[in-house]
>>> print(open('coords-v5.cif').read())   # mmCIF, C-alpha atoms, pLDDT in the B column; chains and numbers go by the auth columns
data_query
#
loop_
_atom_site.group_PDB
_atom_site.id
_atom_site.type_symbol
_atom_site.label_atom_id
_atom_site.label_comp_id
_atom_site.label_asym_id
_atom_site.label_seq_id
_atom_site.Cartn_x
_atom_site.Cartn_y
_atom_site.Cartn_z
_atom_site.B_iso_or_equiv
_atom_site.auth_seq_id
_atom_site.auth_asym_id
ATOM 1 C CA MET A 1 -16.053 29.802 17.332 50.00 1 V
ATOM 2 C CA ARG A 2 -16.375 29.105 13.670 56.00 2 V
ATOM 3 C CA PHE A 3 -14.237 25.954 13.538 54.00 3 V
ATOM 4 C CA PRO A 4 -14.911 23.883 16.649 56.00 4 V
ATOM 5 C CA HIS A 5 -13.451 20.767 15.030 57.00 5 V
ATOM 6 C CA ARG A 6 -10.009 22.406 15.180 56.00 6 V
ATOM 7 C CA LEU A 7 -10.244 22.812 18.922 57.00 7 V
ATOM 8 C CA ASN A 8 -10.000 19.088 19.527 55.00 8 V
ATOM 9 C CA ARG A 9 -6.267 18.498 19.886 56.00 9 V
ATOM 10 C CA GLU A 10 -6.682 14.830 20.725 56.00 10 V
ATOM 11 C CA SER A 11 -4.570 12.685 18.441 55.00 11 V
ATOM 12 C CA ARG A 12 -6.533 10.089 16.548 55.00 12 V
ATOM 13 C CA THR A 13 -4.299 7.433 15.060 56.00 13 V
ATOM 14 C CA MET A 14 -5.194 4.147 13.487 54.00 14 V
ATOM 15 C CA THR A 15 -3.854 1.061 15.206 55.00 15 V
ATOM 16 C CA ASP A 16 -2.919 -2.323 13.800 50.00 16 V
ATOM 17 C CA ASN A 17 -5.833 -3.989 15.551 59.00 17 V
ATOM 18 C CA VAL A 18 -8.263 -1.737 13.641 61.00 18 V
ATOM 19 C CA THR A 19 -6.631 -1.715 10.197 62.00 19 V
ATOM 20 C CA PRO A 20 -5.661 -5.004 8.575 62.00 20 V
ATOM 21 C CA PRO A 21 -2.154 -5.176 7.112 68.00 21 V
ATOM 22 C CA PHE A 22 -1.907 -3.982 3.523 67.00 22 V
ATOM 23 C CA ASP A 23 0.133 -5.923 0.989 76.00 23 V
ATOM 24 C CA GLU A 24 1.093 -3.790 -1.990 79.00 24 V
ATOM 25 C CA ALA A 25 2.223 -6.681 -4.210 79.00 25 V
ATOM 26 C CA PRO A 26 -1.262 -7.870 -5.279 81.00 26 V
ATOM 27 C CA GLN A 27 -2.411 -4.289 -5.872 81.00 27 V
ATOM 28 C CA ALA A 28 0.675 -3.541 -7.969 83.00 28 V
ATOM 29 C CA SER A 29 0.153 -6.710 -9.975 86.00 29 V
ATOM 30 C CA VAL A 30 -3.443 -5.764 -10.772 82.00 30 V
ATOM 31 C CA LEU A 31 -2.405 -2.239 -11.743 81.00 31 V
ATOM 32 C CA ILE A 32 0.361 -3.482 -14.045 86.00 32 V
ATOM 33 C CA GLY A 33 -1.972 -6.029 -15.646 84.00 33 V
ATOM 34 C CA THR A 34 -4.582 -3.359 -16.259 80.00 34 V
ATOM 35 C CA ALA A 35 -2.025 -1.024 -17.810 80.00 35 V
ATOM 36 C CA GLU A 36 -0.791 -3.796 -20.113 86.00 36 V
ATOM 37 C CA LYS A 37 -4.348 -4.521 -21.246 82.00 37 V
ATOM 38 C CA MET A 38 -4.970 -0.835 -21.915 80.00 38 V
ATOM 39 C CA ILE A 39 -1.817 -0.599 -24.036 84.00 39 V
ATOM 40 C CA GLU A 40 -2.862 -3.707 -25.963 87.00 40 V
ATOM 41 C CA ILE A 41 -6.340 -2.305 -26.586 84.00 41 V
ATOM 42 C CA TRP A 42 -4.915 1.011 -27.813 87.00 42 V
ATOM 43 C CA SER A 43 -2.448 -0.676 -30.175 90.00 43 V
ATOM 44 C CA ARG A 44 -5.248 -2.737 -31.771 91.00 44 V
ATOM 45 C CA LEU A 45 -7.287 0.351 -32.635 90.00 45 V
ATOM 46 C CA SER A 46 -7.051 1.815 -36.114 94.00 46 V
ATOM 47 C CA ALA A 47 -5.345 5.184 -36.542 94.00 47 V
ATOM 48 C CA GLU A 48 -8.728 6.722 -37.332 95.00 48 V
ATOM 49 C CA LYS A 49 -10.291 5.352 -34.153 92.00 49 V
ATOM 50 C CA GLN A 50 -7.323 6.554 -32.071 92.00 50 V
ATOM 51 C CA ALA A 51 -7.618 10.027 -33.593 94.00 51 V
ATOM 52 C CA ALA A 52 -11.364 10.141 -32.921 94.00 52 V
ATOM 53 C CA LEU A 53 -10.892 9.080 -29.302 91.00 53 V
ATOM 54 C CA LEU A 54 -8.080 11.584 -28.772 93.00 54 V
ATOM 55 C CA ALA A 55 -10.237 14.352 -30.214 95.00 55 V
ATOM 56 C CA ARG A 56 -13.114 13.452 -27.911 95.00 56 V
ATOM 57 C CA PHE A 57 -11.263 12.681 -24.671 93.00 57 V
ATOM 58 C CA GLY A 58 -8.123 14.820 -24.983 95.00 58 V
ATOM 59 C CA SER A 59 -5.507 12.226 -24.038 92.00 59 V
ATOM 60 C CA GLU A 60 -4.692 8.585 -24.602 88.00 60 V
ATOM 61 C CA GLU A 61 -5.167 7.878 -20.886 87.00 61 V
ATOM 62 C CA ASN A 62 -8.640 9.432 -20.832 91.00 62 V
ATOM 63 C CA ALA A 63 -9.637 7.647 -24.036 90.00 63 V
ATOM 64 C CA LEU A 64 -8.488 4.284 -22.678 85.00 64 V
ATOM 65 C CA ALA A 65 -10.233 4.901 -19.375 85.00 65 V
ATOM 66 C CA ALA A 66 -13.456 5.567 -21.286 86.00 66 V
ATOM 67 C CA LEU A 67 -13.018 2.363 -23.296 81.00 67 V
ATOM 68 C CA VAL A 68 -12.354 0.273 -20.209 78.00 68 V
ATOM 69 C CA THR A 69 -15.313 1.806 -18.379 80.00 69 V
ATOM 70 C CA THR A 70 -17.553 1.115 -21.361 79.00 70 V
ATOM 71 C CA GLN A 71 -16.458 -2.509 -21.352 72.00 71 V
ATOM 72 C CA LEU A 72 -17.029 -2.837 -17.616 68.00 72 V
ATOM 73 C CA LEU A 73 -20.519 -1.339 -17.826 70.00 73 V
ATOM 74 C CA ALA A 74 -21.583 -3.206 -20.974 70.00 74 V
ATOM 75 C CA PRO A 75 -24.162 -5.934 -20.422 71.00 75 V
ATOM 76 C CA ALA A 76 -22.754 -9.442 -20.453 70.00 76 V
ATOM 77 C CA LYS A 77 -23.085 -11.201 -23.780 69.00 77 V
ATOM 78 C CA PRO A 78 -24.853 -14.570 -23.654 65.00 78 V
#
>>> encode(input="coords-v5.cif", output="structure tokens")
Amino acid sequence: MRFPHRLNRESRTMTDNVTPPFDEAPQASVLIGTAEKMIEIWSRLSAEKQAALLARFGSEENALAALVTTQLLAPAKP
């Protein structure tokens, strides 16, 4: 018996009393806001900076993700 975990046929489902209800609206709002900020950041960059980031990270999405991560991890300025 190499895969004993597959022998357990008991159905394990999550119930409403275990998982709180999930509202997609706030999550969607945060995602849209983040995307808008990323587009704004990209549009403010010079063409040279955009080209350098594209060369390093391969795509606009990856470059923006790196910029956002850098900002999130940067120490707070006094």
>>> atom_distance(input="coords-v5.cif", atom1="CA of Glu48 (chain V)", atom2="CA of Ala65 (chain V)")
18.1 Å
>>> residues_around(input="coords-v5.cif", residues="region 36-40 of chain V", least_positions_apart="5", cutoff="10 Å", atoms="only C-alpha atoms", output="list in words")
Val30, Leu31, Leu45, Glu60, Glu61, Ala63, Leu64, Ala65, Leu67 and Val68 of chain V
>>> atom_distance(input="coords-v5.cif", atom1="CA of Ala74 (chain V)", atom2="CA of Ile41 (chain V)")
16.3 Å
>>> atom_distance(input="coords-v5.cif", atom1="CA of Gln71 (chain V)", atom2="CA of Ala25 (chain V)")
25.7 Å
>>> axis_aligned_box(input="coords-v5.cif", around="region 40-57 of chain V", padding_each_side="3 Å", output="lines of an AutoDock Vina configuration file")
center_x = -7.8
center_y = 5.3
center_z = -31.0
size_x = 16.7
size_y = 24.1
size_z = 18.7
